[in-house]
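K.L.:
What follows is coords-v3.txt, made up of compact mmCIF, C-alpha atoms:
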# COMPACT_ATOMS: atom_id res chain seq x y z
CA MET A 1 0.00 0.00 0.00
CA LYS A 2 2.83 2.39 0.89
CA ARG A 3 4.65 1.58 -2.35
CA LEU A 4 1.48 2.23 -4.29
CA LEU A 5 1.11 5.63 -2.67
CA HIS A 6 4.72 6.47 -3.51
CA LEU A 7 4.18 5.41 -7.12
CA ALA A 8 1.04 7.55 -7.39
CA GLY A 9 2.91 10.51 -5.93
CA ALA A 10 5.75 10.06 -8.39
CA LEU A 11 3.31 9.94 -11.30
CA VAL A 12 1.60 13.14 -10.20
CA LEU A 13 4.95 14.89 -9.83
CA SER A 14 6.20 13.75 -13.22
CA SER A 15 3.01 14.84 -14.99
CA LEU A 16 3.29 18.23 -13.26
CA CYS A 17 6.85 18.53 -14.51
CA VAL A 18 5.74 17.70 -18.06
CA THR A 19 3.03 20.36 -17.85
CA LEU A 20 5.51 22.94 -16.61
CA ALA A 21 7.95 22.02 -19.35
CA PHE A 22 5.32 22.61 -22.02
CA ALA A 23 4.23 25.88 -20.43
CA GLN A 24 7.76 27.20 -20.76
CA ARG A 25 7.82 26.52 -24.46
CA SER A 26 5.04 28.91 -25.42
CA SER A 27 3.95 32.41 -24.48
CA SER A 28 0.79 34.38 -25.22
CA ALA A 29 -0.29 38.01 -25.36
CA SER A 30 -3.78 39.35 -26.01
CA GLN A 31 -5.29 42.44 -27.59
CA VAL A 32 -8.84 43.73 -27.62
CA VAL A 33 -10.16 44.83 -31.02
CA THR A 34 -13.25 47.03 -31.10
CA PHE A 35 -15.20 47.51 -34.32
CA SER A 36 -18.49 48.87 -35.65
CA VAL A 37 -20.30 49.52 -38.90
CA HIS A 38 -22.26 52.74 -39.27
CA ARG A 39 -24.61 53.13 -42.19
CA PRO A 40 -26.17 56.62 -42.11
CA THR A 41 -29.70 57.08 -43.23
CA PRO A 42 -29.72 57.98 -46.93
CA VAL A 43 -29.99 61.71 -47.44
CA THR A 44 -33.45 62.43 -48.74
CA PRO A 45 -35.35 65.72 -48.87
CA ALA A 46 -37.30 64.60 -45.81
CA VAL A 47 -34.11 63.93 -43.84
CA ILE A 48 -32.74 67.34 -44.80
CA GLU A 49 -35.90 69.09 -43.78
CA ASN A 50 -35.90 67.33 -40.43
CA ALA A 51 -32.29 68.27 -39.82
CA LEU A 52 -32.96 71.89 -40.71
CA ALA A 53 -35.97 71.98 -38.42
CA LYS A 54 -33.90 70.54 -35.58
CA HIS A 55 -31.23 73.20 -35.90
CA MET A 56 -33.77 75.95 -36.25
CA HIS A 57 -34.69 75.29 -32.63
CA GLN A 58 -31.10 75.92 -31.56
CA VAL A 59 -30.73 79.26 -33.29
CA SER A 60 -30.91 82.11 -30.82
CA GLU A 61 -30.18 85.17 -32.96
CA PRO A 62 -31.96 86.40 -34.91
CA ALA A 63 -34.18 83.43 -35.64
CA ALA A 64 -35.13 82.50 -32.08
CA SER A 65 -38.52 83.98 -32.48
CA VAL A 66 -39.24 82.21 -35.69
CA ASP A 67 -41.75 79.45 -35.46
CA PRO A 68 -40.16 76.33 -36.99
CA SER A 69 -43.52 74.92 -37.88
CA PRO A 70 -43.92 73.54 -41.39
CA THR A 71 -45.60 76.69 -42.59
CA ASN A 72 -42.67 78.91 -41.57
CA ARG A 73 -39.72 76.61 -42.13
CA PHE A 74 -38.88 77.91 -45.54
CA GLN A 75 -38.69 81.59 -44.78
CA PRO A 76 -35.44 83.00 -46.13
CA LYS A 77 -34.12 84.43 -42.85
CA LEU A 78 -34.03 81.00 -41.20
CA SER A 79 -31.20 79.69 -43.28
CA VAL A 80 -28.95 82.73 -42.97
CA ALA A 81 -29.31 82.60 -39.19
CA LEU A 82 -27.25 79.40 -38.94
CA ASP A 83 -23.80 80.16 -37.58
CA SER A 84 -20.75 78.07 -38.43
CA HIS A 85 -21.17 75.78 -35.43
CA ARG A 86 -24.76 75.00 -36.34
CA ARG A 87 -23.90 74.63 -39.99
CA ARG A 88 -21.32 72.06 -38.93
CA ASN A 89 -23.93 70.25 -36.87
CA LEU A 90 -26.26 70.34 -39.82
CA ALA A 91 -23.61 68.94 -42.13
CA HIS A 92 -22.88 66.22 -39.58
CA ASP A 93 -26.51 65.30 -39.32
CA LEU A 94 -26.72 65.07 -43.04
CA ALA A 95 -23.62 62.85 -43.10
CA LEU A 96 -22.00 65.19 -45.57
CA ALA A 97 -18.80 65.77 -43.66
CA GLU A 98 -16.65 65.32 -46.75
CA ASP A 99 -18.66 67.89 -48.66
CA PHE A 100 -18.94 70.22 -45.72
CA GLU A 101 -16.77 72.98 -47.11
CA ALA A 102 -18.82 73.19 -50.27
CA ALA A 103 -22.07 72.85 -48.37
CA LYS A 104 -21.02 75.53 -45.89
CA ASN A 105 -20.41 78.04 -48.65
CA GLU A 106 -23.69 77.22 -50.23
CA LEU A 107 -25.46 77.57 -46.91
CA THR A 108 -23.81 80.90 -46.26
CA HIS A 109 -25.07 82.41 -49.43
CA THR A 110 -28.35 80.64 -49.67
CA LYS A 111 -31.37 82.73 -49.01
CA THR A 112 -33.95 80.06 -48.48
CA GLN A 113 -33.92 76.61 -46.99
CA ARG A 114 -35.66 75.31 -50.03
CA GLU A 115 -32.52 76.28 -51.95
CA VAL A 116 -30.43 74.57 -49.31
CA VAL A 117 -32.34 71.39 -49.85
CA LEU A 118 -31.69 71.58 -53.54
CA THR A 119 -28.02 72.38 -53.06
CA VAL A 120 -27.34 69.51 -50.67
CA THR A 121 -29.14 66.92 -52.67
CA ASP A 122 -27.12 67.91 -55.71
CA MET B 123 64.06 22.97 43.94
CA SER B 124 67.14 20.94 43.17
CA ARG B 125 69.10 21.42 39.90
CA GLY B 126 68.06 17.96 38.68
CA ALA B 127 64.41 18.77 39.10
CA GLN B 128 64.80 22.03 37.07
CA LYS B 129 66.22 20.06 34.12
CA LEU B 130 63.19 17.78 34.19
CA HIS B 131 60.90 20.82 33.73
CA PHE B 132 62.72 21.84 30.52
CA ILE B 133 62.27 18.47 28.86
CA PRO B 134 58.57 19.00 27.85
CA LEU B 135 59.42 22.44 26.46
CA LEU B 136 62.06 20.91 24.23
CA LEU B 137 59.62 18.31 22.98
CA ILE B 138 56.97 20.79 21.77
CA PRO B 139 58.81 21.81 18.53
CA LEU B 140 59.35 18.16 17.78
CA LEU B 141 55.63 17.54 18.05
CA LEU B 142 54.78 20.47 15.74
CA ILE B 143 57.02 19.38 12.89
CA PRO B 144 55.07 16.25 11.99
CA LEU B 145 51.81 18.20 12.30
CA ARG B 146 52.89 20.82 9.74
CA LEU B 147 54.07 18.38 7.10
CA PRO B 148 50.61 17.24 5.77
CA ALA B 149 49.41 20.88 5.54
CA GLN B 150 52.14 21.66 3.09
CA ASN B 151 50.91 18.94 0.74
CA GLY B 152 47.58 20.91 -0.01
CA SER B 153 43.90 20.28 0.65
CA SER B 154 41.04 19.79 -1.82
CA VAL B 155 37.30 19.72 -1.77
CA ASN B 156 34.94 19.12 -4.67
CA GLN B 157 31.60 20.66 -5.60
CA ILE B 158 29.23 19.78 -8.38
CA VAL B 159 27.72 22.75 -10.22
CA THR B 160 24.68 21.96 -12.33
CA VAL B 161 23.84 24.40 -15.13
CA GLU B 162 20.81 24.42 -17.41
CA VAL B 163 19.34 26.84 -19.93
CA LYS B 164 15.58 26.53 -19.89
CA PRO B 165 13.50 27.09 -23.02
CA ILE B 166 12.59 30.77 -23.23
CA THR B 167 9.60 32.01 -25.15
CA ILE B 168 8.23 35.45 -24.45
CA ILE B 169 5.83 37.56 -26.49
CA ALA B 170 4.29 40.87 -25.50
CA VAL B 171 2.15 43.57 -27.10
CA ASN B 172 2.03 47.28 -26.33
CA GLY B 173 -1.70 47.79 -25.91
CA ASN B 174 -4.86 47.60 -27.96
CA PRO B 175 -5.54 48.90 -31.47
CA GLY B 176 -7.83 51.87 -32.01
CA ALA B 177 -11.50 51.32 -32.75
CA LEU B 178 -12.11 50.05 -36.26
CA ASN B 179 -15.21 51.96 -37.32
CA ILE B 180 -16.58 51.71 -40.81
CA ILE B 181 -18.59 54.81 -41.67
CA ASP B 182 -20.28 54.43 -45.00
CA ALA B 183 -21.11 58.05 -45.74
CA LEU B 184 -21.56 57.74 -49.45
CA GLY B 185 -22.46 54.10 -50.04
CA GLY B 186 -22.24 52.34 -53.36
CA THR B 187 -19.06 50.41 -52.55
CA ASP B 188 -19.01 46.62 -52.54
CA GLU B 189 -16.80 46.37 -49.48
CA LEU B 190 -15.48 48.95 -47.06
CA SER B 191 -12.53 48.46 -44.79
CA VAL B 192 -10.52 50.27 -42.16
CA SER B 193 -7.08 49.45 -40.77
CA ASP B 194 -5.04 50.12 -37.66
CA GLN B 195 -1.25 49.96 -37.39
CA ASN B 196 -0.79 51.55 -34.01
CA THR B 197 0.28 48.55 -31.97
CA ARG B 198 3.54 46.59 -31.83
CA TYR B 199 4.70 43.26 -30.53
CA SER B 200 8.05 42.07 -29.24
CA MET B 201 9.26 38.52 -28.78
CA VAL B 202 12.32 36.58 -27.70
CA THR B 203 13.10 32.88 -27.81
CA ASN B 204 16.07 30.56 -27.55
CA LEU B 205 14.31 27.82 -29.52
CA ASP B 206 14.44 27.15 -33.24
CA ASN B 207 11.61 26.98 -35.73
CA MET B 208 9.04 28.77 -33.62
CA LYS B 209 5.88 30.37 -34.94
CA ILE B 210 3.27 32.91 -33.87
CA VAL B 211 -0.35 31.90 -34.10
CA ALA B 212 -3.44 34.07 -33.65
CA SER B 213 -6.93 33.23 -32.47
CA VAL B 214 -10.15 35.10 -31.78
CA ASN B 215 -12.39 34.47 -28.80
CA ASP B 216 -15.62 34.78 -30.78
CA PRO B 217 -16.32 34.68 -34.53
CA MET B 218 -16.92 37.97 -36.33
CA PRO B 219 -20.46 38.94 -37.37
CA ALA B 220 -21.69 37.62 -40.73
CA GLY B 221 -20.53 39.73 -43.66
CA THR B 222 -17.54 41.14 -41.82
CA ARG B 223 -13.93 40.07 -41.72
CA LEU B 224 -11.05 40.73 -39.38
CA MET B 225 -7.55 40.33 -40.76
CA ILE B 226 -4.23 40.54 -38.98
CA ARG B 227 -0.74 41.01 -40.30
CA LEU B 228 2.44 40.79 -38.23
CA GLU B 229 5.75 42.13 -39.43
CA SER B 230 8.75 39.95 -38.65
CA THR B 231 12.50 40.15 -39.11
CA SER B 232 13.47 36.86 -37.49
CA GLY B 233 10.71 34.82 -39.12
CA GLU B 234 8.52 34.82 -42.20
CA SER B 235 5.25 36.76 -42.02
CA ASN B 236 2.25 34.98 -43.50
CA GLY B 237 0.92 38.37 -44.64
CA GLU B 238 -2.67 39.36 -44.09
CA VAL B 239 -4.40 36.44 -42.39
CA ASP B 240 -8.17 36.20 -41.98
CA ILE B 241 -8.92 35.44 -38.33
CA SER B 242 -12.67 36.12 -38.52
CA SER B 243 -13.54 32.65 -37.30
CA ALA B 244 -10.18 31.51 -35.97
CA ARG B 245 -11.29 29.93 -32.73
CA THR B 246 -8.50 27.47 -33.49
CA PRO B 247 -5.21 29.37 -33.81
CA VAL B 248 -3.88 30.07 -37.30
CA ASN B 249 -0.29 30.79 -38.29
CA VAL B 250 0.64 34.42 -38.78
CA VAL B 251 4.45 34.17 -38.58
CA SER B 252 6.49 31.00 -39.17
CA GLY B 253 10.09 29.85 -39.13
CA ILE B 254 11.21 32.02 -36.25
CA GLY B 255 14.77 31.27 -35.17
CA ARG B 256 16.59 31.99 -31.94
CA GLY B 257 16.78 35.62 -31.04
CA SER B 258 14.50 38.55 -30.56
CA ASP B 259 12.18 40.69 -32.64
CA LEU B 260 11.37 44.04 -31.10
CA ASN B 261 8.61 46.55 -31.86
CA GLN B 262 7.22 44.83 -34.91
CA THR B 263 4.06 46.34 -36.40
CA ILE B 264 0.69 44.65 -35.99
CA THR B 265 -1.87 45.60 -38.64
CA TYR B 266 -5.57 44.94 -38.13
CA THR B 267 -8.01 45.33 -41.00
CA PHE B 268 -11.76 45.25 -40.50
CA ALA B 269 -13.91 44.85 -43.61
CA ALA B 270 -17.66 44.74 -44.12
CA ASP B 271 -19.71 43.77 -47.17
CA ALA B 272 -21.94 46.44 -48.64
CA ASN B 273 -25.06 44.53 -47.62
CA VAL B 274 -24.13 44.49 -43.93
CA SER B 275 -26.45 46.67 -41.94
CA GLU B 276 -25.39 48.68 -38.93
CA ILE B 277 -23.31 46.95 -36.27
CA SER B 278 -22.97 48.70 -32.97
CA ALA B 279 -19.57 48.66 -31.27
CA GLN B 280 -18.39 45.16 -30.43
CA SER B 281 -15.09 43.77 -29.20
CA ARG B 282 -13.07 40.64 -29.76
CA VAL B 283 -10.04 39.36 -27.88
CA ILE B 284 -7.19 38.40 -30.17
CA THR B 285 -4.57 36.12 -28.66
CA LEU B 286 -1.09 35.90 -30.14
CA THR B 287 0.89 32.85 -29.08
CA LEU B 288 4.58 32.21 -29.66
CA THR B 289 4.87 28.43 -29.81
CA GLU B 290 6.64 25.49 -31.42
Would you write the structure of this file as structure tokens?

P.N.:
Amino acid sequence: MKRLLHLAGALVLSSLCVTLAFAQRSSSASQVVTFSVHRPTPVTPAVIENALAKHMHQVSEPAASVDPSPTNRFQPKLSVALDSHRRRNLAHDLALAEDFEAAKNELTHTKTQREVVLTVTD
Amino acid sequence: MSRGAQKLHFIPLLLIPLLLIPLRLPAQNGSSVNQIVTVEVKPITIIAVNGNPGALNIIDALGGTDELSVSDQNTRYSMVTNLDNMKIVASVNDPMPAGTRLMIRLESTSGESNGEVDISSARTPVNVVSGIGRGSDLNQTITYTFAADANVSEISAQSRVITLTLTE
């Protein structure tokens, strides 16, 4: 019985040694990769109008008093009231970041939002 | 004390040098001891990376492309080994979503890079560098490329754990 116990102990020790020997022959390192796919909503006239309406609410001067309801949304003074920050937000919402410079110039000189819609969709 | 008794006291003193002479003779012949020194060089395999790559975000602003991809080359790996014919394998903890692919490319100067290797479903490790000899490779570039088919809809941010293993 004692010899059996010794034999079992020796076997356990030798298998442990084998395990340790293998562990020394490889090494690992890990990295975490984060990914995503973003597909913006296609730019349609409706999307543009919604984005314009959203930014109309944020304009304080001089268009703060303008009612952004559908009947008033296309008044000329609404579009010229967008400052550069809000124009940037608008461009971002429209997912037109690459065309922002061109869009910004158009927005600056556009007198009506209806024209803006036409310019952006072009 | 009589004169005869004084002579008897000197006799032991005269004998002391005689006793020392035989004692000193073996010491002049030298003395040795032995030790056994056991030396061993264990197998060394170490690989490390310097952090995680940046987020791989595909932003399809314009559409109309069959496949879009983004890459990251901001991370490095270093390795050292005293074994021959080693390789680096890569595995992913969870397969990539359908319609997307994750590729990895490891530069190597002490081995041969397998180029861009698709690890999208590599639950079982796949080779990315082979034939690595003894020595070290420091600050080698890791390139990740994430690609998505055009018909893949939005995928919110997800993560995968990529494990690089230096092994035989």

K.L.:
Do you know which residues are at most 7 Å from stretch 261-275 of chain B counting all atoms listed in the file, after dropping those on the same chain fewer than 4 positions away, and could you put them as a VMD selection string?

P.N.:
(chain A and resid 39) or (chain B and resid 178 187 to 195 197 to 200 221 to 230)

K.L.:
From the set B:Gly255, B:Arg282, B:Gly173, B:Glu276, which residue has the shortest atom-to-atom contact distance to B:Ser242, counting all atoms listed in the file?

P.N.:
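For B:Ser242, the nearest of the candidates is B:Arg282.
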
K.L.:
Near chain B, meaning an atom within 6 Å, which residues of chain A appear when counting only C-alpha atoms? Write them as JSON, numbers by chain.

P.N.:
{"A": [25, 26, 27, 28, 29, 30, 31, 32, 33, 34, 35, 36, 37, 38, 39]}

K.L.:
Store the residues of this selection in a file with C-alpha atoms, as a compact mmCIF listing (two decimals), in the coordinates of the input.

P.N.:
# COMPACT_ATOMS: atom_id res chain seq x y z
CA ARG A 25 7.82 26.52 -24.46
CA SER A 26 5.04 28.91 -25.42
CA SER A 27 3.95 32.41 -24.48
CA SER A 28 0.79 34.38 -25.22
CA ALA A 29 -0.29 38.01 -25.36
CA SER A 30 -3.78 39.35 -26.01
CA GLN A 31 -5.29 42.44 -27.59
CA VAL A 32 -8.84 43.73 -27.62
CA VAL A 33 -10.16 44.83 -31.02
CA THR A 34 -13.25 47.03 -31.10
CA PHE A 35 -15.20 47.51 -34.32
CA SER A 36 -18.49 48.87 -35.65
CA VAL A 37 -20.30 49.52 -38.90
CA HIS A 38 -22.26 52.74 -39.27
CA ARG A 39 -24.61 53.13 -42.19

K.L.:
Quick one: pull the distance between atom CA of B:Ala220 and atom CA of B:Ile241, Å, one decimal.

P.N.:
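Going from atom CA of B:Ala220 over to atom CA of B:Ile241, I get 13.2 Å.
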
K.L.:
Atom CA of B:Asn236 and atom CA of B:Asn207, how far apart in Å?

P.N.:
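These atoms are spaced 14.6 Å apart.
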
K.L.:
Between atom CA of B:Asp259 and atom CA of B:Gly233, what distance in Å does the model show, to one decimal?

P.N.:
8.9 Å

K.L.:
So for stretch 266-276 of chain B, what box centre and size do we get, axis-aligned, 6 Å extra on each of the six sides, every listed atom, Å to one decimal, as JSON?

P.N.:
{"center_x": -16.0, "center_y": 46.2, "center_z": -43.4, "size_x": 32.9, "size_y": 16.9, "size_z": 22.5}
